[in-house]
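Enquirer: Once you've had a glance at the structure underneath, I'll fire off some questions.
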Amino acid sequence: MITVALVDDEELVRAGLRALIDAEPDLSVAAEEADGTGVVDMVRRHRPDVVLMDVRMPRLDGIEATRALQRSLDAPPAVLVLTTFENDDYVYGALRAGARGFLLKRSRPEEILDALRLVARGDSLLFPAAIRRLAAAAEAADTPAARAVAALTEREAATLRLLARGMSNAEIASELFVGVETVKTHVSAILAKLAVRDRTQAVVAAYDAGLIRPGESPAPR
């Protein structure tokens, strides 16, 4: 059973999400909060696998609540942020803060359910086109992100570009003509060298370092 915590200031939205999630045999809503201020305590009490987090809330928004979870807990749950607009500037901030990905509130029910299952098993939900629009163009200057990316091997950098396209390990293996275990080794090395927790944060670091720029295709080169 995958347990989910709902954080949204609109009671009607929470009620709709609860009905949708609780109707699935493998999903269950463990807790609810109407604002980001109570998220850390809620997660400590209920230990959900995924937090479905609204970005805009009146007292503490989803970005700061996500950051608080990463800062306060040794093993924070996966955070999936909800936003009304795809070009909402808050989305990139949420990814920087540690979210695994984001969903539009107008997403179809099956898309929401699939996304919850995806991040619960440790994957990231990436929308490269939206991230490219939201990412600030970073020049490859002498920054920590640029230095970390520079330490990647050519094959690791190619793998990172494919991660930014939202590819799975199997898809990357097919693209690079290597085995899935080799891809897993590359991904582990990327996370270690960039000092990030997951694939989403690795992609954010790649944009920060200028390895991939907004508007540029993240295909390997």
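For the structure tokens, the naming scheme is as follows: chains receive sequential letters (A, B, ...) according to their order of presentation, residues are indexed from 1 within each chain, and ligands are indexed from 1 in presentation order.
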What lies within 7 Å of range 48-57 of chain A using only C-alpha atoms, ignoring chain neighbours under 4 positions off, as a ChimeraX atom specification?

Expert: /A:2-9,30,35,43,61-63,77-83,90,116,120

Enquirer: Could you write out, as a ChimeraX atom specification, all the residues of chain A that DSSP marks as helix (DSSP H, G or I)?

Expert: /A:11-22,36-46,62-72,90-97,109-120,128-134,144-150,154-163,169-176,180-194,199-209

Enquirer: Quote the spacing between CA of Gln70 in chain A and CA of Arg100 in chain A in Å to one decimal place.

Expert: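 Interatomic distance, CA of Gln70 in chain A to CA of Arg100 in chain A: 11.7 Å.
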
Enquirer: Looking at only C-alpha atoms, which of A:Ala68, A:Val119, A:Glu24, A:Val180 is the one that sits closest to Thr37 in chain A?

Expert: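 Result for the nearest residue to Thr37 in chain A: A:Ala68.
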
Enquirer: Using only C-alpha atoms, which protein or nucleic acid residues come within 8 Å of Val203 in chain A? Drop anything in the same chain fewer than 2 positions from it, and give the result as a list in words.

Expert: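 Contacts, in chain order: Leu160, Arg161, Leu163, Ala164, Arg199, Thr200, Gln201, Ala205, Ala206 and Tyr207 of chain A.
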
Enquirer: Quick one: distance from CA of Ala150 in chain A to CA of Gly93 in chain A in Å, one decimal?

Expert: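 Interatomic distance, CA of Ala150 in chain A to CA of Gly93 in chain A: 23.7 Å.
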